[in-house]
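Student: What follows is coords-v5.txt; its format and atoms are compact mmCIF, C-alpha atoms and all ligand atoms.
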```txt
# COMPACT_ATOMS: atom_id res chain seq x y z
CA MET A 18 25.09 18.13 -30.27
CA LEU A 19 25.56 14.48 -29.31
CA THR A 20 23.29 14.63 -26.28
CA LYS A 21 20.34 16.11 -28.20
CA PRO A 22 18.14 13.01 -27.68
CA LEU A 23 18.56 13.35 -23.92
CA ARG A 24 18.02 17.10 -23.96
CA ASP A 25 14.84 16.53 -26.01
CA GLU A 26 13.63 13.91 -23.55
CA HIS A 27 14.22 16.27 -20.63
CA ALA A 28 12.38 19.04 -22.49
CA GLU A 29 9.41 16.68 -22.91
CA LEU A 30 9.43 15.62 -19.26
CA LEU A 31 10.04 19.04 -17.67
CA PRO A 32 6.59 20.62 -18.27
CA HIS A 33 5.03 17.64 -16.47
CA VAL A 34 7.12 18.36 -13.38
CA GLU A 35 4.67 21.25 -12.93
CA SER A 36 1.93 18.68 -12.21
CA LEU A 37 3.69 18.07 -8.86
CA ARG A 38 3.50 21.72 -7.84
CA ILE A 39 -0.08 22.02 -9.10
CA ALA A 40 -1.17 19.02 -7.02
CA ALA A 41 0.70 20.38 -3.97
CA ASP A 42 -1.05 23.75 -4.34
CA ALA A 43 -4.41 21.92 -4.44
CA VAL A 44 -3.97 20.25 -1.03
CA GLY A 45 -6.41 21.99 1.33
CA ALA A 46 -7.58 24.29 -1.50
CA SER A 47 -9.45 22.05 -3.98
CA SER A 48 -12.34 19.62 -3.50
CA ALA A 49 -11.42 16.03 -2.69
CA PRO A 50 -12.22 14.72 -6.22
CA GLU A 51 -10.24 17.55 -7.84
CA LEU A 52 -7.28 16.95 -5.58
CA ALA A 53 -7.44 13.19 -6.21
CA ALA A 54 -7.36 13.80 -9.98
CA LYS A 55 -4.33 16.08 -9.66
CA VAL A 56 -2.48 13.62 -7.43
CA ARG A 57 -3.28 10.80 -9.89
CA GLU A 58 -1.87 12.87 -12.75
CA ALA A 59 1.33 13.62 -10.82
CA GLU A 60 1.71 9.97 -9.86
CA GLY A 61 1.08 8.85 -13.44
CA PHE A 62 3.88 11.11 -14.65
CA LEU A 63 6.27 9.74 -12.01
CA THR A 64 5.54 6.04 -12.44
CA GLY A 65 4.85 6.05 -16.18
CA HIS A 66 7.57 8.40 -17.41
CA LEU A 67 10.03 9.78 -14.90
CA ILE A 68 10.95 6.57 -13.09
CA PRO A 69 11.55 4.57 -16.32
CA HIS A 70 13.73 7.50 -17.49
CA ALA A 71 15.67 7.35 -14.21
CA ARG A 72 16.07 3.57 -14.55
CA ALA A 73 17.51 4.05 -18.04
CA GLU A 74 19.98 6.61 -16.70
CA ASP A 75 21.07 4.34 -13.87
CA GLU A 76 21.69 1.47 -16.28
CA ALA A 77 23.11 3.19 -19.32
CA LEU A 78 23.96 6.87 -18.75
CA TYR A 79 25.61 7.11 -15.34
CA PRO A 80 28.11 4.28 -16.00
CA VAL A 81 29.26 6.22 -19.08
CA VAL A 82 29.65 9.41 -17.02
CA ASP A 83 31.58 7.48 -14.36
CA ALA A 84 33.90 6.11 -17.04
CA LEU A 85 34.46 9.53 -18.66
CA LEU A 86 35.24 11.06 -15.28
CA GLY A 87 37.53 8.12 -14.46
CA ALA A 88 35.81 8.00 -11.09
CA PRO A 89 33.70 4.92 -10.39
CA GLY A 90 30.85 5.88 -8.07
CA ALA A 91 30.94 9.56 -9.05
CA THR A 92 27.28 9.43 -10.10
CA ARG A 93 26.12 7.56 -7.00
CA THR A 94 24.79 10.80 -5.48
CA MET A 95 22.56 11.22 -8.54
CA SER A 96 21.34 7.60 -8.34
CA LEU A 97 20.40 8.30 -4.72
CA ASP A 98 18.19 11.17 -5.98
CA HIS A 99 16.41 8.55 -8.13
CA VAL A 100 16.00 6.29 -5.10
CA GLU A 101 14.44 9.17 -3.17
CA VAL A 102 12.03 9.90 -6.06
CA GLY A 103 10.93 6.25 -5.89
CA ARG A 104 10.43 6.42 -2.13
CA GLN A 105 8.40 9.64 -2.27
CA THR A 106 6.34 8.25 -5.16
CA ARG A 107 5.41 5.20 -3.10
CA LEU A 108 4.38 7.48 -0.24
CA LEU A 109 2.24 9.45 -2.70
CA GLY A 110 0.55 6.21 -3.80
CA GLU A 111 -0.21 5.27 -0.19
CA LEU A 112 -1.73 8.67 0.54
CA ARG A 113 -3.75 8.55 -2.67
CA ALA A 114 -5.13 5.14 -1.66
CA LYS A 115 -6.13 6.59 1.73
CA MET A 116 -7.86 9.51 0.02
CA ALA A 117 -9.99 7.08 -1.96
CA SER A 118 -11.64 5.69 1.15
CA ALA A 119 -11.60 8.55 3.67
CA THR A 120 -10.98 12.25 4.15
CA LEU A 121 -7.32 12.91 4.92
CA THR A 122 -6.47 14.09 8.41
CA ARG A 123 -4.65 17.40 8.76
CA SER A 124 -1.36 15.60 9.31
CA GLN A 125 -1.89 13.37 6.24
CA GLU A 126 -2.64 16.51 4.22
CA ASN A 127 0.64 18.00 5.41
CA GLU A 128 2.45 14.79 4.50
CA LEU A 129 0.92 14.82 1.02
CA ARG A 130 1.76 18.49 0.44
CA MET A 131 5.33 17.97 1.61
CA ALA A 132 5.82 14.88 -0.60
CA LEU A 133 4.58 16.81 -3.65
CA TYR A 134 6.56 20.01 -3.08
CA GLY A 135 9.58 17.93 -2.08
CA LEU A 136 9.38 15.93 -5.31
CA TYR A 137 8.96 19.13 -7.31
CA VAL A 138 12.15 20.67 -5.92
CA LEU A 139 14.09 17.40 -6.04
CA VAL A 140 13.20 16.63 -9.65
CA ALA A 141 13.71 20.19 -10.95
CA LEU A 142 17.15 20.44 -9.31
CA HIS A 143 18.08 16.94 -10.46
CA PHE A 144 17.34 17.88 -14.08
CA ARG A 145 19.52 20.99 -13.75
CA LYS A 146 22.38 18.95 -12.32
CA GLU A 147 22.24 16.50 -15.22
CA GLU A 148 21.98 19.22 -17.83
CA GLU A 149 24.62 21.52 -16.43
CA ALA A 150 27.13 19.03 -15.03
CA TYR A 151 26.82 15.86 -17.14
CA LEU A 152 25.59 16.78 -20.60
CA PRO A 153 28.40 19.25 -21.41
CA LEU A 154 30.90 16.56 -20.38
CA LEU A 155 29.22 13.98 -22.62
CA ASP A 156 29.04 16.44 -25.54
CA GLN A 157 32.75 17.09 -25.20
CA ARG A 158 34.02 13.59 -24.63
CA LEU A 159 31.70 11.02 -26.22
CA THR A 160 32.28 9.71 -29.71
CA PRO A 161 29.28 9.57 -32.09
CA ASP A 162 29.40 5.76 -31.91
CA GLY A 163 29.60 5.81 -28.13
CA ALA A 164 26.60 8.17 -28.00
CA LYS A 165 24.60 5.92 -30.34
CA ARG A 166 25.32 2.85 -28.23
CA MET A 167 24.47 4.71 -25.04
CA PHE A 168 21.10 5.93 -26.33
CA GLU A 169 20.19 2.48 -27.65
CA ALA A 170 20.98 1.00 -24.25
CA MET A 171 18.94 3.74 -22.53
CA GLU A 172 15.95 3.11 -24.78
CA ALA A 173 16.07 -0.63 -24.12
CA ALA A 174 16.34 -0.05 -20.35
CA ALA A 175 13.40 2.42 -20.36
CA ARG A 176 11.29 -0.08 -22.32
CA ARG A 177 12.07 -2.82 -19.80
CA ALA A 178 11.24 -0.48 -16.91
CA LYS A 179 7.86 0.36 -18.48
CA GLU A 180 7.01 -3.33 -18.87
CA VAL A 181 7.37 -4.01 -15.13
FE FE A 201 18.25 11.39 -13.49
FE FE A 202 17.31 12.78 -16.59
```
Would it be possible to restate this file's structure as structure tokens?

Tutor:
Amino acid sequence: MLTKPLRDEHAELLPHVESLRIAADAVGASSAPELAAKVREAEGFLTGHLIPHARAEDEALYPVVDALLGAPGATRTMSLDHVEVGRQTRLLGELRAKMASATLTRSQENELRMALYGLYVLVALHFRKEEEAYLPLLDQRLTPDGAKRMFEAMEAAARRAKEV
């Protein structure tokens, strides 16, 4: 299957999506240091792995899907999911910084829980959309050379995103 590298990468990332739900469950239920550790883990996954992966898709995967569909802009809705992940991740970082210096208010706790559960649902659904809507199309229509070029470009883009 031509898209195996991408399916493998998703399979590596997907178990870590659970860290979002685990941190959300801990809001109001775990001690402040335990919650802070869980939020840090979730944020580390997002900034260190998921967002570079999304950047690579924006640069090197979605343009290929657009071209195969013959519909420029077809993947824009998926890129907007990535933008929302970035926005919610920044919010998570702000709330984590607040937790470091003070106890969260009830409304900040609610905000944190909502950001984490929201990210969990958004990311899990986004993965399903890519796997069920895009990967079968790529498997059917890409050439082996085209796939090789696409994955090289994705790797380079992910490396650049991790350097920032
Ligand atoms: Fe994506
Ligand atoms: Fe993806």

Student: As a quick test: using only C-alpha atoms and all ligand atoms, which residues lie no more than 10 Å away from ligand FE 201 (chain A)? Give them as a list of chain:residue names.

Tutor: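 Residues satisfying the distance criterion: A:His27, A:Leu67, A:Ile68, A:Pro69, A:His70, A:Ala71, A:Arg72, A:Ala73, A:Glu74, A:Asp75, A:Leu78, A:Tyr79, A:Thr92, A:Met95, A:Ser96, A:Leu97, A:Asp98, A:His99, A:Val102, A:Val140, A:His143, A:Phe144, A:Arg145, A:Lys146, A:Glu147, A:Glu148.
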
Student: Write out as a ChimeraX atom specification which residues come within 8 Å of range 107-124 of chain A when counting all atoms listed in the file, dropping same-chain ones fewer than 6 positions away.

Tutor: /A:49,53,56-57,60,132-133

Student: Find the residue from A:Val181, A:Met167, A:Ala84, A:Met131 that sits nearest to Pro22 in chain A; use all atoms listed in the file when measuring.

Tutor: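 With all atoms listed in the file as the atom set, the closest residue is A:Met167.
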
Student: Between CA of Leu154 in chain A and CA of Leu19 in chain A, what distance in Å does the model show, to one decimal?

Tutor: 10.6 Å

Student: Skipping near chain neighbours, those fewer than 5 positions away, what residues fall within 12 Å of Arg166 in chain A using only C-alpha atoms, listed as a PyMOL selection string?

Tutor: chain A and resi 19+77-78+81+159-161+171-173

Student: Just checking: using all atoms listed in the file, which residue out of A:Glu58, A:Asp42, A:Asp83, A:Glu149 ends up closest to ligand FE 202 (chain A)?

Tutor: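 Of A:Glu58, A:Asp42, A:Asp83, A:Glu149, the one nearest ligand FE 202 (chain A) is A:Glu149, counting all atoms listed in the file.
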
Student: Figure out the distance between CA of Arg176 in chain A and CA of Lys55 in chain A, please, to one decimal in Å.

Tutor: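 Calculated distance between CA of Lys55 in chain A and CA of Arg176 in chain A is 25.8 Å.
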
Student: Name the closest residue to ligand FE 202 (chain A) among the candidates A:Gly135, A:Tyr151, A:Gly163, A:Ala91; distances are taken between atoms, counting all atoms listed in the file.

Tutor: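 Among the listed residues, the smallest separation from ligand FE 202 (chain A) belongs to A:Tyr151.
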
Student: Between CA of Ala164 in chain A and CA of Leu142 in chain A, what distance in Å does the model show, to one decimal?

Tutor: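 So the two atoms, CA of Ala164 in chain A and CA of Leu142 in chain A, lie 24.3 Å apart.
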
Student: Save N, CA, C and O atoms of range 61-87 of chain A from the block above as a short mmCIF file (atom, residue, chain, number, x, y, z; two decimals), in the first residue's frame.

Tutor:
```
data_model
loop_
_atom_site.label_atom_id
_atom_site.label_comp_id
_atom_site.auth_asym_id
_atom_site.auth_seq_id
_atom_site.Cartn_x
_atom_site.Cartn_y
_atom_site.Cartn_z
N GLY A 61 3.02 18.55 25.15
CA GLY A 61 4.26 18.08 24.51
C GLY A 61 3.95 17.27 23.25
O GLY A 61 4.62 17.40 22.22
N PHE A 62 2.92 16.43 23.35
CA PHE A 62 2.51 15.65 22.18
C PHE A 62 2.05 16.59 21.05
O PHE A 62 2.44 16.43 19.89
N LEU A 63 1.26 17.59 21.41
CA LEU A 63 0.72 18.50 20.38
C LEU A 63 1.83 19.31 19.73
O LEU A 63 1.93 19.36 18.49
N THR A 64 2.66 19.95 20.54
CA THR A 64 3.66 20.86 19.96
C THR A 64 4.84 20.09 19.35
O THR A 64 5.39 20.51 18.34
N GLY A 65 5.20 18.95 19.97
CA GLY A 65 6.39 18.24 19.51
C GLY A 65 6.13 17.28 18.37
O GLY A 65 7.03 16.97 17.59
N HIS A 66 4.89 16.77 18.28
CA HIS A 66 4.62 15.73 17.28
C HIS A 66 3.45 16.06 16.35
O HIS A 66 3.59 16.00 15.14
N LEU A 67 2.32 16.37 16.95
CA LEU A 67 1.13 16.50 16.10
C LEU A 67 1.20 17.73 15.19
O LEU A 67 0.86 17.65 14.01
N ILE A 68 1.64 18.86 15.74
CA ILE A 68 1.64 20.09 14.93
C ILE A 68 2.69 20.01 13.80
O ILE A 68 2.37 20.38 12.66
N PRO A 69 3.90 19.48 14.06
CA PRO A 69 4.81 19.28 12.92
C PRO A 69 4.24 18.34 11.84
O PRO A 69 4.41 18.57 10.65
N HIS A 70 3.51 17.31 12.29
CA HIS A 70 2.85 16.39 11.35
C HIS A 70 1.82 17.16 10.51
O HIS A 70 1.76 17.00 9.28
N ALA A 71 1.05 18.01 11.17
CA ALA A 71 0.03 18.80 10.47
C ALA A 71 0.69 19.76 9.47
O ALA A 71 0.20 19.95 8.35
N ARG A 72 1.80 20.37 9.89
CA ARG A 72 2.53 21.29 9.01
C ARG A 72 2.99 20.55 7.74
O ARG A 72 2.87 21.05 6.63
N ALA A 73 3.49 19.34 7.94
CA ALA A 73 3.95 18.54 6.79
C ALA A 73 2.79 18.22 5.85
O ALA A 73 2.94 18.25 4.63
N GLU A 74 1.63 17.94 6.43
CA GLU A 74 0.46 17.65 5.58
C GLU A 74 0.04 18.90 4.80
O GLU A 74 -0.28 18.80 3.61
N ASP A 75 0.03 20.03 5.48
CA ASP A 75 -0.37 21.27 4.80
C ASP A 75 0.55 21.56 3.61
O ASP A 75 0.11 21.99 2.55
N GLU A 76 1.85 21.31 3.83
CA GLU A 76 2.82 21.66 2.78
C GLU A 76 2.89 20.62 1.66
O GLU A 76 3.04 20.96 0.50
N ALA A 77 2.80 19.34 2.04
CA ALA A 77 3.16 18.33 1.04
C ALA A 77 2.10 17.26 0.77
O ALA A 77 2.19 16.57 -0.24
N LEU A 78 1.12 17.12 1.62
CA LEU A 78 0.09 16.09 1.39
C LEU A 78 -1.18 16.70 0.78
O LEU A 78 -1.66 16.23 -0.26
N TYR A 79 -1.68 17.76 1.41
CA TYR A 79 -2.95 18.31 0.93
C TYR A 79 -2.86 18.85 -0.51
O TYR A 79 -3.82 18.68 -1.27
N PRO A 80 -1.75 19.47 -0.90
CA PRO A 80 -1.68 19.91 -2.31
C PRO A 80 -1.79 18.74 -3.28
O PRO A 80 -2.38 18.88 -4.36
N VAL A 81 -1.25 17.58 -2.88
CA VAL A 81 -1.34 16.39 -3.75
C VAL A 81 -2.80 15.92 -3.82
O VAL A 81 -3.30 15.57 -4.89
N VAL A 82 -3.48 15.93 -2.68
CA VAL A 82 -4.90 15.53 -2.67
C VAL A 82 -5.72 16.50 -3.52
O VAL A 82 -6.55 16.08 -4.34
N ASP A 83 -5.47 17.80 -3.36
CA ASP A 83 -6.17 18.80 -4.19
C ASP A 83 -5.99 18.49 -5.67
O ASP A 83 -6.94 18.53 -6.46
N ALA A 84 -4.73 18.18 -6.04
CA ALA A 84 -4.43 17.94 -7.46
C ALA A 84 -5.14 16.67 -7.95
O ALA A 84 -5.71 16.66 -9.05
N LEU A 85 -5.13 15.61 -7.12
CA LEU A 85 -5.78 14.36 -7.54
C LEU A 85 -7.29 14.54 -7.67
O LEU A 85 -7.92 13.94 -8.54
N LEU A 86 -7.85 15.39 -6.81
CA LEU A 86 -9.30 15.62 -6.88
C LEU A 86 -9.63 16.61 -8.00
O LEU A 86 -10.79 16.74 -8.38
N GLY A 87 -8.60 17.31 -8.51
CA GLY A 87 -8.84 18.33 -9.52
C GLY A 87 -9.66 19.48 -8.96
O GLY A 87 -10.45 20.10 -9.68
#
```
